[in-house]
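Step one of this worksheet: look at the structure below.
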Amino acid sequence: MSGVLLQVRNLQVYYGTDAGEVKAVDGVSFDLPRGLKLGLVGESGCGKSTMAMSMMRLIKPPGRIVGGQILLDGVDLASIPEEEMRRRRMTDISLIPQGAMNSLSPVARVRDQIIDGIKDHDVNLDKADLHRRVQEVLESVDLDPDVADMFPHELSGGMKQRVCVAIAIVLRPKLIIADEPTSALDVVVQRQVMQTIERLQEEMGISMILIGHDMGLMAQSVDLLAVMYAGRLAELGEVHEVFARPIHPYTRLLISTLPTLGQRGQFSGIPGITPSLLEPPPGCLFHPRCPKAEPACSEVCPTLIEERPGHWVACHPNGRA
Amino acid sequence: MTALLQLENVTKVYRGGLFRRRSTVALEDSHVTIGGERPTILAIAGESGSGKTTMGMLLLGFIGPTEGRVLFGGQNLWQAPKATWQQFRREVQAIFQDPFEVYNPFYKVDHVLTVPIAKFGLAKSRAQERQLVEEALINVGLRPEETLGRYPHQLSGGQRQRITIARALLLNPKVIIADEPVSMIDASLRATILRSLQGLKNDQGISILYITHDLATAYHICEDIMILYLGSVVEAGDVETVITEPEHPYTRLLVGSIPWPDPNRRWGHAEEVAKGKALRMATSGCKFAPRCPHAFEMCHLARPPLYRTAQSRAVACYLYRESPMMEGSAISTVLGVNERGNGSSATRAGL
């Protein structure tokens, strides 16, 4: 079981608004090898949650997948019929949604919320087996089996998050998409939940896409890091490599904004604001904020190229130097 | 000299449930001092439910203490005349977490800036009002012509947060209470806003209480830090030594869980405290003892006092019982010392 699990090819997801078309995801391509964790990082509004929802085919109007392919083990999730996609959710690909704590039903016991997904996928299990399955999955996310009979309001934020993880893995998917799974949690609980997710991911050989804005969390957990800016990938590579030798000026600036455990007071902001996706600037979308911008940058939009083995960047040569 | 703002033996209990039978002790016997002779940035850190926001609300006079006193210039705020409150509202300003909820979407952003000017009669004419507003905006790095006359939805989160800082500055405050001012803001802007806070301290001599759960930013902009756990201070001192050499087991857990942005410095998989969450139990012992890997008999019996482990450090933990004990009210004496980490490892009892 090696090789590439997921291939995203030139994915385009647009939102139609009264003011015009918003290209939330515009030509994103990447490969995810089996068993690895990919981090997708970017500022608010860069299209990272849209990526998550389109990979699950849960994009709702006015949003739509305009073009491109999402190949999971060779099957294009972007074009299969809705009924087939429904069957593949949870069995092949599942989502730990953003603010997972609010995505549980407040009126159903944890047990029923876990069983619901199993039943919906026509898994034929008798009552005793279902019961055992629920116990197993709760134990695997480090929850007490008693939690099965509780309602969400009886659980803490971290416990609710674990229930969401349990629901996501109960049918053993090949790929988990975790959209800011810990953004509402305290650092200690965040660390515990992330370590549970990582342990499961390793034990069950699940691949993962972790979406977030916290570069610190990314550095702690992922194997590959993709930096997104205004709907496009700016840089993609092995996480140590990207942190140690970032190529794109945006990535470099982003890393310089992070408070590290070094000299105190050594971090700075990035001037300017993210561009409006309704009226994107011509050429490279980052050029109005880029310290290395040249005339060419405002004319031609750079494509993602492999600058070093396994390290991709979308920037004109002057910025990469 | 008396500090501008002080909490003295303050306890805050929230009552809830039917007939107010359920009560939660949000803050217990706390002492904080802010706005002394030298301006400083003091961080109040802890997880949700540690009482850090309650502390901010008490210092802002939004809620009154259940026990103890809130002192403003040495005067008990809750027995002070109206004139003192007027002065208090001017000299102590707030910056809140969410720059989206502070604004009324029907008013232009100018409104939040002109209201305090009118309220406190700062300007004699329209032109003077305009000048004050523009100065305040320039102070926080905003261009007035790009900001004024706009509606809140037309501005980014970072711009809105900087306008709330500008508003706080209009009144020439002596103290700013900033409750999670950057937690909703992207990394690219976070640094810019923290820099403007630092600028306020350095250039205008304003003392800032920085309430946060983010130890990484606290490490960079603060001088001193107090760590709260379930309403009690567990450790206080110079931020550099507290973060780089945490002493209290809870601080160690907290510091060990910071996701530093460095893939070569990952969280250890061997966990000191694998499970357990903050339990709000009535205990006469140390509140952290149920989760603490070093807890021994004594910890469950009586609440640990503060031990002064170094000139600039106080820790409420029996592991340091060989260090001299100190009164809770003396906690401000370990802050603002900034001796930069000598002697703090001298009394590392039994570890």
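We label chains A, B, ... in the order they appear in the structure tokens, count residues from 1 in each chain, and number ligands from 1 in the order shown.
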**Request:** Using only C-alpha atoms, select each residue of chain B with any atom at most 7 Å away from an atom of chain A, and give the selection as a list in words.
**Result:**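 Applying the cut-off to the listed atoms yields Glu47, Ser48, Asp186, Ala187, Ser188, Leu189, Arg190, Ala191, Thr192, Ala216, Thr217, Tyr219, His220, Ile221, Leu254, Ser257, Ile258, Pro259, Trp260, Pro261, Asp262, Pro263, Arg266 and Trp267 of chain B.
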Write to file, as a tab-separated table (two decimals), in the first residue's frame, the residues of the selection just made, with C-alpha atoms.
```
chain	number	residue	atom	x	y	z
B	47	GLU	CA	-6.73	28.07	29.95
B	48	SER	CA	-10.43	28.76	29.52
B	186	ASP	CA	-4.21	36.46	11.14
B	187	ALA	CA	-0.54	35.95	11.82
B	188	SER	CA	0.47	38.54	9.24
B	189	LEU	CA	-1.33	41.28	11.19
B	190	ARG	CA	-0.94	39.95	14.70
B	191	ALA	CA	2.64	41.10	14.93
B	192	THR	CA	1.72	44.58	13.70
B	216	ALA	CA	4.10	32.49	22.61
B	217	THR	CA	2.99	36.08	22.02
B	219	TYR	CA	6.75	35.74	25.72
B	220	HIS	CA	7.54	38.33	23.07
B	221	ILE	CA	5.75	41.46	24.20
B	254	LEU	CA	1.28	24.64	29.48
B	257	SER	CA	2.08	22.29	24.85
B	258	ILE	CA	2.85	25.50	22.98
B	259	PRO	CA	2.96	24.64	19.29
B	260	TRP	CA	6.21	26.44	18.48
B	261	PRO	CA	6.54	26.95	14.73
B	262	ASP	CA	9.59	24.77	14.40
B	263	PRO	CA	9.28	21.24	12.96
B	266	ARG	CA	7.97	18.93	18.25
B	267	TRP	CA	5.87	18.07	21.28
```
**Prompt:** Could you pull out all residues of region 89-319 of chain A with a DSSP call of strand (DSSP E or B) and give them as a PyMOL selection string?
**Reply:** chain A and resi 89+93-96+175-179+207-212+224-229+232-238+305-308+311-313
For the residues selected in the previous step, produce a file with N, CA and C atoms as a tab-separated table (two decimals), in the first residue's frame.
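Produced file result02.tsv, reproduced below:
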```tsv
chain	number	residue	atom	x	y	z
A	89	ARG	N	-18.42	9.05	1.22
A	89	ARG	CA	-18.15	9.87	2.40
A	89	ARG	C	-18.16	8.94	3.60
A	93	ILE	N	-13.53	8.89	2.50
A	93	ILE	CA	-13.02	10.21	2.85
A	93	ILE	C	-13.96	10.80	3.89
A	94	SER	N	-13.41	11.30	4.99
A	94	SER	CA	-14.32	11.89	5.97
A	94	SER	C	-13.76	13.20	6.50
A	95	LEU	N	-14.65	13.94	7.12
A	95	LEU	CA	-14.33	15.32	7.49
A	95	LEU	C	-14.46	15.50	8.99
A	96	ILE	N	-13.45	16.15	9.58
A	96	ILE	CA	-13.62	16.66	10.95
A	96	ILE	C	-13.85	18.15	10.75
A	175	LEU	N	-8.88	8.66	3.87
A	175	LEU	CA	-8.42	10.05	3.98
A	175	LEU	C	-9.31	10.82	4.95
A	176	ILE	N	-8.68	11.55	5.87
A	176	ILE	CA	-9.44	12.43	6.76
A	176	ILE	C	-9.09	13.87	6.40
A	177	ILE	N	-10.10	14.70	6.30
A	177	ILE	CA	-9.85	16.12	6.13
A	177	ILE	C	-10.23	16.80	7.43
A	178	ALA	N	-9.26	17.41	8.09
A	178	ALA	CA	-9.52	18.05	9.37
A	178	ALA	C	-9.40	19.56	9.18
A	179	ASP	N	-10.54	20.23	9.29
A	179	ASP	CA	-10.59	21.68	9.05
A	179	ASP	C	-10.52	22.40	10.39
A	207	SER	N	-4.50	8.68	5.64
A	207	SER	CA	-3.85	9.91	5.23
A	207	SER	C	-4.67	11.08	5.76
A	208	MET	N	-4.02	12.23	5.88
A	208	MET	CA	-4.77	13.35	6.45
A	208	MET	C	-4.41	14.66	5.77
A	209	ILE	N	-5.43	15.49	5.63
A	209	ILE	CA	-5.17	16.87	5.23
A	209	ILE	C	-5.60	17.74	6.40
A	210	LEU	N	-4.64	18.45	6.98
A	210	LEU	CA	-4.92	19.31	8.12
A	210	LEU	C	-4.97	20.74	7.61
A	211	ILE	N	-6.13	21.37	7.82
A	211	ILE	CA	-6.31	22.72	7.33
A	211	ILE	C	-6.29	23.68	8.50
A	212	GLY	N	-5.57	24.78	8.37
A	212	GLY	CA	-5.53	25.71	9.50
A	212	GLY	C	-4.76	26.96	9.18
A	224	LEU	N	3.94	17.18	5.04
A	224	LEU	CA	4.06	18.08	3.90
A	224	LEU	C	3.29	19.34	4.21
A	225	LEU	N	3.80	20.46	3.72
A	225	LEU	CA	3.12	21.73	4.00
A	225	LEU	C	2.82	22.46	2.69
A	226	ALA	N	1.56	22.85	2.54
A	226	ALA	CA	1.17	23.65	1.38
A	226	ALA	C	0.73	25.01	1.87
A	227	VAL	N	1.28	26.06	1.31
A	227	VAL	CA	0.92	27.42	1.70
A	227	VAL	C	0.00	27.99	0.62
A	228	MET	N	-1.17	28.44	1.06
A	228	MET	CA	-2.15	28.93	0.10
A	228	MET	C	-2.26	30.44	0.23
A	229	TYR	N	-2.41	31.12	-0.89
A	229	TYR	CA	-2.62	32.56	-0.84
A	229	TYR	C	-3.66	32.93	-1.89
A	232	ARG	N	-4.79	30.23	-4.42
A	232	ARG	CA	-3.78	29.48	-5.16
A	232	ARG	C	-2.71	28.96	-4.21
A	233	LEU	N	-2.01	27.92	-4.66
A	233	LEU	CA	-0.90	27.44	-3.86
A	233	LEU	C	0.32	28.31	-4.14
A	234	ALA	N	0.96	28.78	-3.08
A	234	ALA	CA	2.17	29.58	-3.25
A	234	ALA	C	3.39	28.68	-3.16
A	235	GLU	N	3.33	27.70	-2.26
A	235	GLU	CA	4.50	26.86	-2.03
A	235	GLU	C	4.05	25.52	-1.47
A	236	LEU	N	4.77	24.47	-1.82
A	236	LEU	CA	4.44	23.14	-1.33
A	236	LEU	C	5.72	22.34	-1.18
A	237	GLY	N	5.89	21.71	-0.02
A	237	GLY	CA	7.09	20.92	0.15
A	237	GLY	C	7.09	20.18	1.47
A	238	GLU	N	8.17	19.46	1.72
A	238	GLU	CA	8.33	18.74	2.97
A	238	GLU	C	8.43	19.79	4.08
A	305	ILE	N	6.02	25.49	-9.95
A	305	ILE	CA	7.06	24.65	-10.56
A	305	ILE	C	7.91	24.00	-9.48
A	306	GLU	N	8.56	22.90	-9.84
A	306	GLU	CA	9.38	22.18	-8.87
A	306	GLU	C	10.77	22.80	-8.84
A	307	GLU	N	10.98	23.68	-7.87
A	307	GLU	CA	12.24	24.43	-7.80
A	307	GLU	C	13.37	23.52	-7.32
A	308	ARG	N	13.07	22.73	-6.28
A	308	ARG	CA	14.02	21.72	-5.80
A	308	ARG	C	13.25	20.41	-5.74
A	311	HIS	N	9.96	20.20	-3.77
A	311	HIS	CA	9.68	21.51	-3.21
A	311	HIS	C	9.19	22.42	-4.34
A	312	TRP	N	7.87	22.70	-4.32
A	312	TRP	CA	7.24	23.43	-5.41
A	312	TRP	C	6.97	24.86	-4.98
A	313	VAL	N	7.07	25.77	-5.97
A	313	VAL	CA	6.81	27.17	-5.64
A	313	VAL	C	6.22	27.89	-6.85
```
**Prompt:** So how far away is CA of Gly46 (chain B) from CA of Thr212 (chain B), in Å?
**Reply:**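 According to the coordinates, CA of Thr212 (chain B) and CA of Gly46 (chain B) are separated by 7.2 Å.
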**Message:** Among region 126-235 of chain A, which residues does DSSP mark as alpha helix (DSSP H) when it is run on the backbone? Keep the chain and numbering as in the structure and answer as a ChimeraX atom specification.
**Reply:** /A:127-140,157-169,187-203,215-221
**Distance in Å - CA of His31 (chain B) versus CA of Ser329 (chain B)** = 5.7 Å
**Message:** What does the structure give for the distance between CA of Val66 (chain A) and CA of Val13 (chain A), in Å to one decimal?
**Reply:**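 One can read the CA of Val66 (chain A) to CA of Val13 (chain A) distance as 5.5 Å.
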**Request:** Could you give me, as a PyMOL selection string, the residues within 8 Å of Gly35 (chain B), counting only C-alpha atoms and dropping anything in the same chain fewer than 2 positions from it?
**Result:** chain B and resi 3-5+33+37-40+174-175+206-208
Please dump the current selection as a CSV table (one decimal), in the first residue's frame; keep C-alpha atoms.
```csv
chain,number,residue,atom,x,y,z
B,3,ALA,CA,-0.3,51.9,41.7
B,4,LEU,CA,-3.2,53.1,39.6
B,5,LEU,CA,-5.2,49.9,39.7
B,33,THR,CA,-1.2,45.6,40.6
B,37,GLU,CA,5.8,54.1,38.4
B,38,ARG,CA,7.3,52.4,35.4
B,39,PRO,CA,5.0,51.3,32.5
B,40,THR,CA,5.0,47.6,32.0
B,174,LYS,CA,-2.9,55.3,31.9
B,175,VAL,CA,-3.8,51.6,31.8
B,206,ILE,CA,0.8,53.3,29.2
B,207,SER,CA,0.7,50.1,31.3
B,208,ILE,CA,-1.0,47.2,29.7
```
